[in-house]
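The next block holds one structure in the form of structure tokens; read it before the comments.
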Protein chains: 4
Amino acid sequence: MDYFKNDINKQYFQCDYMEGAHPEILKRLMETNMEKTPGYGKDDYCDRAKAKILEACHCPDGEVHLMVGGTQTNSTVISAILRNYEGVISADTGHINGHESGAVEYTGHKVLALPNVDGKLVAADVKKYVEDFYANPTHEHVVWPGMVYISHPTEGGTLYTKAELEALRAVCDEYKLPLFLDGARLGYGLVADGTDVTLDFIAKVCDVFYIGGTKVGAFCGEAVVCNKKGYLPHFFSTIKQHGALLAKGRFLGIQFETLFTDNLYFKIARHAVDMAMKLKKGFADKGYEFAMDSATNQQFIILNDEQFERLSQIAVFELWERLGDGRTVVRFCTSWATREEDVDALLAQI
Amino acid sequence: MDYFKNDINKQYFQCDYMEGAHPEILKRLMETNMEKTPGYGKDDYCDRAKAKILEACHCPDGEVHLMVGGTQTNSTVISAILRNYEGVISADTGHINGHESGAVEYTGHKVLALPNVDGKLVAADVKKYVEDFYANPTHEHVVWPGMVYISHPTEGGTLYTKAELEALRAVCDEYKLPLFLDGARLGYGLVADGTDVTLDFIAKVCDVFYIGGTKVGAFCGEAVVCNKKGYLPHFFSTIKQHGALLAKGRFLGIQFETLFTDNLYFKIARHAVDMAMKLKKGFADKGYEFAMDSATNQQFIILNDEQFERLSQIAVFELWERLGDGRTVVRFCTSWATREEDVDALLAQI
Amino acid sequence: MDYFKNDINKQYFQCDYMEGAHPEILKRLMETNMEKTPGYGKDDYCDRAKAKILEACHCPDGEVHLMVGGTQTNSTVISAILRNYEGVISADTGHINGHESGAVEYTGHKVLALPNVDGKLVAADVKKYVEDFYANPTHEHVVWPGMVYISHPTEGGTLYTKAELEALRAVCDEYKLPLFLDGARLGYGLVADGTDVTLDFIAKVCDVFYIGGTKVGAFCGEAVVCNKKGYLPHFFSTIKQHGALLAKGRFLGIQFETLFTDNLYFKIARHAVDMAMKLKKGFADKGYEFAMDSATNQQFIILNDEQFERLSQIAVFELWERLGDGRTVVRFCTSWATREEDVDALLAQI
Amino acid sequence: MDYFKNDINKQYFQCDYMEGAHPEILKRLMETNMEKTPGYGKDDYCDRAKAKILEACHCPDGEVHLMVGGTQTNSTVISAILRNYEGVISADTGHINGHESGAVEYTGHKVLALPNVDGKLVAADVKKYVEDFYANPTHEHVVWPGMVYISHPTEGGTLYTKAELEALRAVCDEYKLPLFLDGARLGYGLVADGTDVTLDFIAKVCDVFYIGGTKVGAFCGEAVVCNKKGYLPHFFSTIKQHGALLAKGRFLGIQFETLFTDNLYFKIARHAVDMAMKLKKGFADKGYEFAMDSATNQQFIILNDEQFERLSQIAVFELWERLGDGRTVVRFCTSWATREEDVDALLAQI
């Protein structure tokens with residue numbers, strides 16, 4: 001990773017967690033630093049953050065739990081929902097299926113991977129999978145489908161439509177499968193151009209979801225929202241058991257209270273998307289192809305070897321996938337912290 | 001927990017994680033906030049923090065892993081050390097045995113609890129337990145003792161002596177049991193009056209231990225030290241699997257680099273112990289009894305009902321244990337953030 | 001274990017699983033051997049065995065699952081009942097706490113061990129434990145008591161009275177704790193002199209229990225009885241997942257059908273108890289002391305070194321516990337297969 | 001499953017575990033029934049069975065463990081081999097991936113499924129998978145490939161060649177991956193026409209494998225062979241922990257001793273294969289198509305709806321897979337117990 005060191009001539013677009021926290025968060029941490037509060041999230045900051053989140057979700061009967069990171073949140077929530085004989089349905093490209101070191105399996109559950117379409121899980125595929133399961137005369141020897149996991153945006157930066165989510169919900173209702181949405185980058189999805197998915201819709205369509213802080217301006221933090229109080233009984237103990245309970249819980253509370261004050265969460269997400277759209281247009285104008293059509297802060301560009309070499313000189317980005325034919329998919333990320341002048345500088349050089 | 005709200009007339013000694021972070025840490029977070037670094041602890045701050053910690057430990061061949069919280073660190077390290085058929089020996093008062101919602105058992109391992117003496121595990125008891133295990137003709141039907149867990153300071157604020165740790169080490173060597181030390185409050189133990197245990201001694205006597213940040217000035221963070229490189233193979237993946245890998249890893253790196261620059265960690269721990277000793281003397285002078293003789297930042301005082309009632313009016317402390325005879329053990333904690341004037345104000349009223 | 005080889009001059013009382021199966025079972029296995037049946041317990045023999053067991057239990061609304069062995073049954077049932085944040089209350093001498101290689105913990109759950117009285121769990125102790133748990137202001141950081149495990153007879157051969165079981169039930173009802181009874185030696189308990197506990201009472205007082213076959217005449221097999229159908233949802237899949245599903249399920253069905261035809265189970269258990277009572281009286285008459293007053297097929301006798309040495313020449317028994325004062329507790333077991341002439345021969349020599 | 005009841009006009013070919021045990025086994029169980037032996041496999045019968053198995057494997061330095069069933073053996077062995085951060089590579093059609101109710105995942109490990117070719121795992125695919133894993137710059141966030149699982153015969157009745165197994169071994173050696181072979185139907189594979197794979201070759205090429213008893217003449221039982229003593233440290237305790245330790249261990253010992261005396265295991269397997277080949281030829285002669293070309297006791301035949309209907313009137317077989325185009329794959333199994341007259345009767349009617 002030494003390319004990160006001191007090369008001030010490069011533009012950095014590797015991921016959306018390269019900087020610290022949004023300055024407003026740092027300011028609030030400074031202002032509150034010497035106040036004394038009880039530990040484990042039993043403080044006023046957490047209470048207010050939770051209230052503001054529920055308000056933003058239009059979900060007065062819901063419940064919020066603040067956790068530290070995404071993999072942690074996924075495996076803790078999933079294992080709290082499932083019974084021992086159940087697994088979780090996910091797109092094969094889902095984060096839980098490939099990039100979490102087997103965290104879900106570590107809790108005893110199989111990830112039931114279905115083929116993705118544009119990074120998304122398709123309701124009809126879920127329905128067929130579950131129907132086939134029940135039609136199988138020996139299904140008692142097979143892992144029971146116990147819930148559905150999706151992420152929004154997906155790993156590929158794509159977005160579900162309202163209709164797609166409603167279709168998934170209908171399948172979930174038919175087979176009594178809880179629907180869980182990983183929103184590690186939720187902000188970037190909610191402010192994207194052309195989306196018809198809103199935060200309160202997500203709160204209605206999902207049983208549990210989380211609002212990602214780590215990738216949208218916080219040092220760390222994910223806010224788990226259950227749309228019914230008590231949906232995950234004694235979840236506090238489960239969080240503790242999973243090593244996910246922060247002693248100085250207010251550190252999460254202050255951050256989320258700040259993000260959900262004056263729409264900060266959405267404003268900074270929108271800035272990132274603006275930068276991504278500028279970058280996307282700039283690359284498209286130069287004739288670059290895209291692996292996925294993403295309206296969010298992650299852009300997946302297909303490069304040939306020569307382009308890859310040349311771009312590597314001027315920018316830092318993430319190698320996503322070698323296509324095997326000499327072409328490579330790379331990811332450029334923007335974030336709340338991306339400066340327009342850096343995007344311009346990059347585009348000037350491609 | 002409404003006693004925490006707005007009662008400016010009370011002195012707060014409930015725990016050592018009531019405030020944010022040491023101002024020096026906040027300052028460094030401000031200064032570095034907009035720098036771009038790679039994620040997951042692959043940044044220079046983490047590298048430097050680890051180097052400084054190994055230097056402080058006089059342990060050039062060791063390895064450091066930065067994690068977020070104590071329960072997380074305990075269960076992740078313990079499950080990484082043990083094989084499936086093994087359990088971990090602990091004092092019955094050990095944190096892992098009673099206050100972690102079964103985090104160790106959740107990973108599949110039994111906590112083999114032995115009676116404590118002053119909160120400590122006694123080498124002779126461990127030896128007898130292991131000898132009895134091997135002498136038992138049906139020991140293959142019993143959980144194998146696989147490692148030894150201790151904390152320093154203990155849950156009761158007490159400290160091992162060098163001789164006690166060496167005796168434990170000898171038993172561990174005899175039976176090939178790794179020795180793991182939970183140092184969530186390690187700083188407060190290392191600077192205590194009269195202790196002969198130093199950081200480099202701990203690095204020598206233990207296979208793995210951790211240096212607590214959460215309770216000694218950081219927002220969060222525990223630095224796991226293995227005294228041999230590669231002691232826990234692919235531990236990075238294990239950390240990820242346990243949901244314990246921070247995306248913005250530098251947040252931990254910056255904090256620990258700050259704590260281990262100019263002896264800050266030890267200085268602020270010493271301040272806490274000074275405040276605790278003043279408080280201890282103040283109570284002792286008034287004739288109060290103590291449940292444990294603690295030289296560290298936690299003081300366990302025995303109160304009768306009348307005292308309990310009266311002290312509750314003027315201070316916030318933690319109810320530790322009801323003795324059943326009308327008396328109650330309560331805990332007063334100091335920390336790096338405790339102000340001498342608050343200790344004085346408290347003592348003036350008792 | 002070479003004392004087992006060819007020493008025809010010794011009497012063997014080591015355990016109650018030294019022989020094969022009751023001849024009536026072997027006969028039935030012979031008669032049915034070439035019939036073709038479907039696998040996994042979906043055969044008529046299993047159906048009839050289950051019906052006969054439910055009838056013997058006076059429990060028409062119950063459900064029976066046939067499993068292979070005791071440890072398997074304990075860990076499978078317990079993990080099926082508990083949620084992740086819960087543990088199982090057991091006497092410290094309970095089989096699950098000491099002699100199952102951590103099988104329960106392997107499934108992620110803590111055994112919450114309470115002191116035994118004559119090998120039994122006392123209702124008042126359970127009540128106090130649970131009350132203390134709820135009274136503890138930080139109980140969310142502690143393993144939740146999720147169910148109660150008892151065995152009847154206990155590890156020490158002792159028996160609960162009806163009143164004791166009712167008292168446990170009352171506590172279980174008060175705190176919504178399922179009551180699970182390990183009946184690995186249930187037959188020997190039900191036919192003991194002086195007991196007021198019957199099979200149908202057990203089926204009423206417990207949520208789940210099992211009737212041990214392995215130690216009461218079968219090659220192997222434990223019949224799990226739930227007193228309500230569907231109490232353990234999809235338990236078939238759980239059994240499979242735990243590796244506890246026998247492909248040739250009828251092997252268990254035939255054995256249990258045989259045992260529950262013409263009261264065979266109770267008759268052979270009574271024979272074992274008769275032999276044990278004769279043996280007990282014989283030892284008592286010679287002035288031997290007993291560690292426990294057992295009315296069942298296990299007798300725990302206290303021997304001094306000289307007695308131990310001498311008895312070892314003439315009999316095989318199990319060393320139970322060295323008392324540390326030169327005395328040793330040993331166990332003599334009888335079974336359905338014990339011959340009266342062997343008991344007489346033993347008693348003639350002591 | 002009522003088609004099993006009393007329909008003496010049908011021929012039964014549903015599976016290879018429809019009957020009891022081979023008569024020779026029953027005879028030995030009768031002869032030995034009243035002998036007294038120690039429990040848990042510490043008896044002479046187990047010792048002799050193990051010695052005979054090692055001799056048949058030409059593997060004097062190996063070690064044998066007798067377990068009860070296949071799923072149990074798979075999950076116990078796999079979890080004993082793997083470290084927490086590792087998964088097991090398997091063909092997507094592998095038994096562990098689809099028909100064990102998630103038993104492997106229950107122990108915390110992901111099944112890394114690769115596409116099968118004729119039911120088999122291909123060495124080149126394994127090599128590519130592992131190479132890609134190591135080439136992935138973020139592979140530390142992915143489950144580590146920790147071992148390779150194959151079955152022989154496969155789920156589809158197909159067989160590896162010696163060369164294919166050697167190629168897998170070479171990849172395993174290159175990447176230090178243990179090779180584990182599920183031999184639930186091993187006998188039927190070893191005696192197949194045209195195979196060049198022998199038992200001693202398997203003992204050489206695999207680190208661990210098992211010889212299936214349940215499907216080859218025993219009531220139950222699988223003999224795990226490690227080709228080096230102590231390969232799975234303290235595996236006895238692991239077996240106990242997994243609930244897989246039979247109290248009357250000799251029941252397994254007697255069965256395996258019998259099977260490995262006078263080549264009984266191979267003789268009865270050969271009978272089953274003879275019957276399968278006759279059945280295969282009979283169907284082929286009538287123009288039926290086969291989904292897999294199997295030289296073992298399982299034959300997978302493709303039926304159209306009319307054929308399916310008609311065959312269902314005269315025989316019992318297993319529905320394997322609906323192809324979606326009106327055709328169905330069904331399985332006919334023979335076993336040691338299949339009578340030639342029943343095969344003839346079936347063929348006469350198709």
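By convention here, the chains of the structure tokens are called A, B, ... in the order presented, each chain's residues are numbered starting at 1, and ligands are numbered starting at 1 in the order presented.
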
For a quick test of understanding: name the residues of chain B lying within 8 Å of chain C when counting only C-alpha atoms, and present them as a PyMOL selection string.
chain B and resi 84-85+98-102+105-110+140-144

Find the spatial neighbours of segment 338-349 of chain B, counting only C-alpha atoms, within a cut-off of 9 Å - ignore same-chain residues fewer than 5 positions away - and output them as a list in words.
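Contacts, with the query itself left out: Lys10, Gln11, Tyr12, Phe13, Asp16, His271, Ala272, Met275, Ala276, Lys278, Leu279, Gly282, Phe283, Leu311, Ile314, Ala315 and Cys333 of chain B.
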
Let's have the selection written as a PDB file, in the first residue's frame, with N, CA, C and O atoms.
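Resulting contents of part.pdb:
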```pdb
ATOM      1  N   LYS B  10     -23.732  16.633  41.660  1.00  0.00           N
ATOM      2  CA  LYS B  10     -23.176  15.334  42.017  1.00  0.00           C
ATOM      3  C   LYS B  10     -21.792  15.116  41.428  1.00  0.00           C
ATOM      4  O   LYS B  10     -21.460  15.664  40.386  1.00  0.00           O
ATOM      5  N   GLN B  11     -21.045  14.313  42.131  1.00  0.00           N
ATOM      6  CA  GLN B  11     -19.733  13.911  41.615  1.00  0.00           C
ATOM      7  C   GLN B  11     -19.874  12.543  40.967  1.00  0.00           C
ATOM      8  O   GLN B  11     -20.489  11.654  41.542  1.00  0.00           O
ATOM      9  N   TYR B  12     -19.281  12.378  39.820  1.00  0.00           N
ATOM     10  CA  TYR B  12     -19.453  11.145  39.050  1.00  0.00           C
ATOM     11  C   TYR B  12     -18.202  10.268  39.092  1.00  0.00           C
ATOM     12  O   TYR B  12     -17.141  10.668  38.637  1.00  0.00           O
ATOM     13  N   PHE B  13     -18.350   9.097  39.652  1.00  0.00           N
ATOM     14  CA  PHE B  13     -17.226   8.159  39.736  1.00  0.00           C
ATOM     15  C   PHE B  13     -17.668   6.761  39.302  1.00  0.00           C
ATOM     16  O   PHE B  13     -17.141   5.759  39.763  1.00  0.00           O
ATOM     17  N   ASP B  16     -14.757   4.263  34.301  1.00  0.00           N
ATOM     18  CA  ASP B  16     -13.622   4.973  33.698  1.00  0.00           C
ATOM     19  C   ASP B  16     -13.810   5.168  32.193  1.00  0.00           C
ATOM     20  O   ASP B  16     -12.844   5.287  31.448  1.00  0.00           O
ATOM     21  N   HIS B 271      -2.183   9.723  36.716  1.00  0.00           N
ATOM     22  CA  HIS B 271      -3.094  10.731  37.271  1.00  0.00           C
ATOM     23  C   HIS B 271      -4.325  10.047  37.880  1.00  0.00           C
ATOM     24  O   HIS B 271      -4.761  10.388  38.998  1.00  0.00           O
ATOM     25  N   ALA B 272      -4.863   9.100  37.169  1.00  0.00           N
ATOM     26  CA  ALA B 272      -6.057   8.400  37.666  1.00  0.00           C
ATOM     27  C   ALA B 272      -5.760   7.699  38.987  1.00  0.00           C
ATOM     28  O   ALA B 272      -6.574   7.715  39.921  1.00  0.00           O
ATOM     29  N   MET B 275      -5.546  10.098  41.846  1.00  0.00           N
ATOM     30  CA  MET B 275      -6.892  10.493  42.297  1.00  0.00           C
ATOM     31  C   MET B 275      -7.543   9.360  43.108  1.00  0.00           C
ATOM     32  O   MET B 275      -8.205   9.601  44.132  1.00  0.00           O
ATOM     33  N   ALA B 276      -7.312   8.131  42.665  1.00  0.00           N
ATOM     34  CA  ALA B 276      -7.903   6.994  43.380  1.00  0.00           C
ATOM     35  C   ALA B 276      -7.298   6.857  44.773  1.00  0.00           C
ATOM     36  O   ALA B 276      -7.993   6.540  45.748  1.00  0.00           O
ATOM     37  N   LYS B 278      -6.037   9.227  46.595  1.00  0.00           N
ATOM     38  CA  LYS B 278      -6.553  10.308  47.430  1.00  0.00           C
ATOM     39  C   LYS B 278      -7.960   9.958  47.935  1.00  0.00           C
ATOM     40  O   LYS B 278      -8.286  10.123  49.109  1.00  0.00           O
ATOM     41  N   LEU B 279      -8.742   9.458  47.035  1.00  0.00           N
ATOM     42  CA  LEU B 279     -10.113   9.074  47.367  1.00  0.00           C
ATOM     43  C   LEU B 279     -10.116   7.926  48.391  1.00  0.00           C
ATOM     44  O   LEU B 279     -10.865   7.925  49.372  1.00  0.00           O
ATOM     45  N   GLY B 282      -9.119   9.218  51.722  1.00  0.00           N
ATOM     46  CA  GLY B 282     -10.219  10.017  52.266  1.00  0.00           C
ATOM     47  C   GLY B 282     -11.290   9.144  52.891  1.00  0.00           C
ATOM     48  O   GLY B 282     -11.756   9.407  54.014  1.00  0.00           O
ATOM     49  N   PHE B 283     -11.666   8.092  52.182  1.00  0.00           N
ATOM     50  CA  PHE B 283     -12.681   7.194  52.746  1.00  0.00           C
ATOM     51  C   PHE B 283     -12.145   6.457  53.969  1.00  0.00           C
ATOM     52  O   PHE B 283     -12.841   6.303  54.980  1.00  0.00           O
ATOM     53  N   LEU B 311     -24.640   8.707  50.437  1.00  0.00           N
ATOM     54  CA  LEU B 311     -23.663   8.903  49.344  1.00  0.00           C
ATOM     55  C   LEU B 311     -24.360   9.022  47.997  1.00  0.00           C
ATOM     56  O   LEU B 311     -23.900   9.731  47.112  1.00  0.00           O
ATOM     57  N   ILE B 314     -25.015  12.486  46.848  1.00  0.00           N
ATOM     58  CA  ILE B 314     -23.944  13.408  46.467  1.00  0.00           C
ATOM     59  C   ILE B 314     -23.026  12.867  45.386  1.00  0.00           C
ATOM     60  O   ILE B 314     -22.235  13.620  44.831  1.00  0.00           O
ATOM     61  N   ALA B 315     -23.142  11.601  45.090  1.00  0.00           N
ATOM     62  CA  ALA B 315     -22.206  11.057  44.099  1.00  0.00           C
ATOM     63  C   ALA B 315     -22.873   9.960  43.281  1.00  0.00           C
ATOM     64  O   ALA B 315     -23.878   9.382  43.687  1.00  0.00           O
ATOM     65  N   CYS B 333     -14.711   4.740  40.572  1.00  0.00           N
ATOM     66  CA  CYS B 333     -13.629   4.713  39.586  1.00  0.00           C
ATOM     67  C   CYS B 333     -13.092   6.107  39.346  1.00  0.00           C
ATOM     68  O   CYS B 333     -13.856   7.064  39.248  1.00  0.00           O
TER      69      CYS B 333
END
```

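Considering the residues B:Gly217, B:Gly230, B:Pro178, B:Gly243 and counting only C-alpha atoms, Glu63 of chain B has its shortest atom-to-atom contact with B:Gly230.
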
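Computed from the coordinates, the atom CA of Ala247 of chain D to atom CA of Arg185 of chain D distance equals 25.0 Å.
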
Any idea what the distance is between atom CA of Asn33 of chain D and atom CA of Gly20 of chain C?
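Taking atom CA of Asn33 of chain D as the start and atom CA of Gly20 of chain C as the end point, the length is 4.6 Å.
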
Skip segment 254-270 of chain D itself and residues of its chain fewer than 2 positions away, then list as a ChimeraX atom specification all residues within 9 Å of it, counting only C-alpha atoms.
/D:21-22,24-26,28-29,32,45-53,56,66,186-192,213,216-223,249-252,272-275,297,335-337
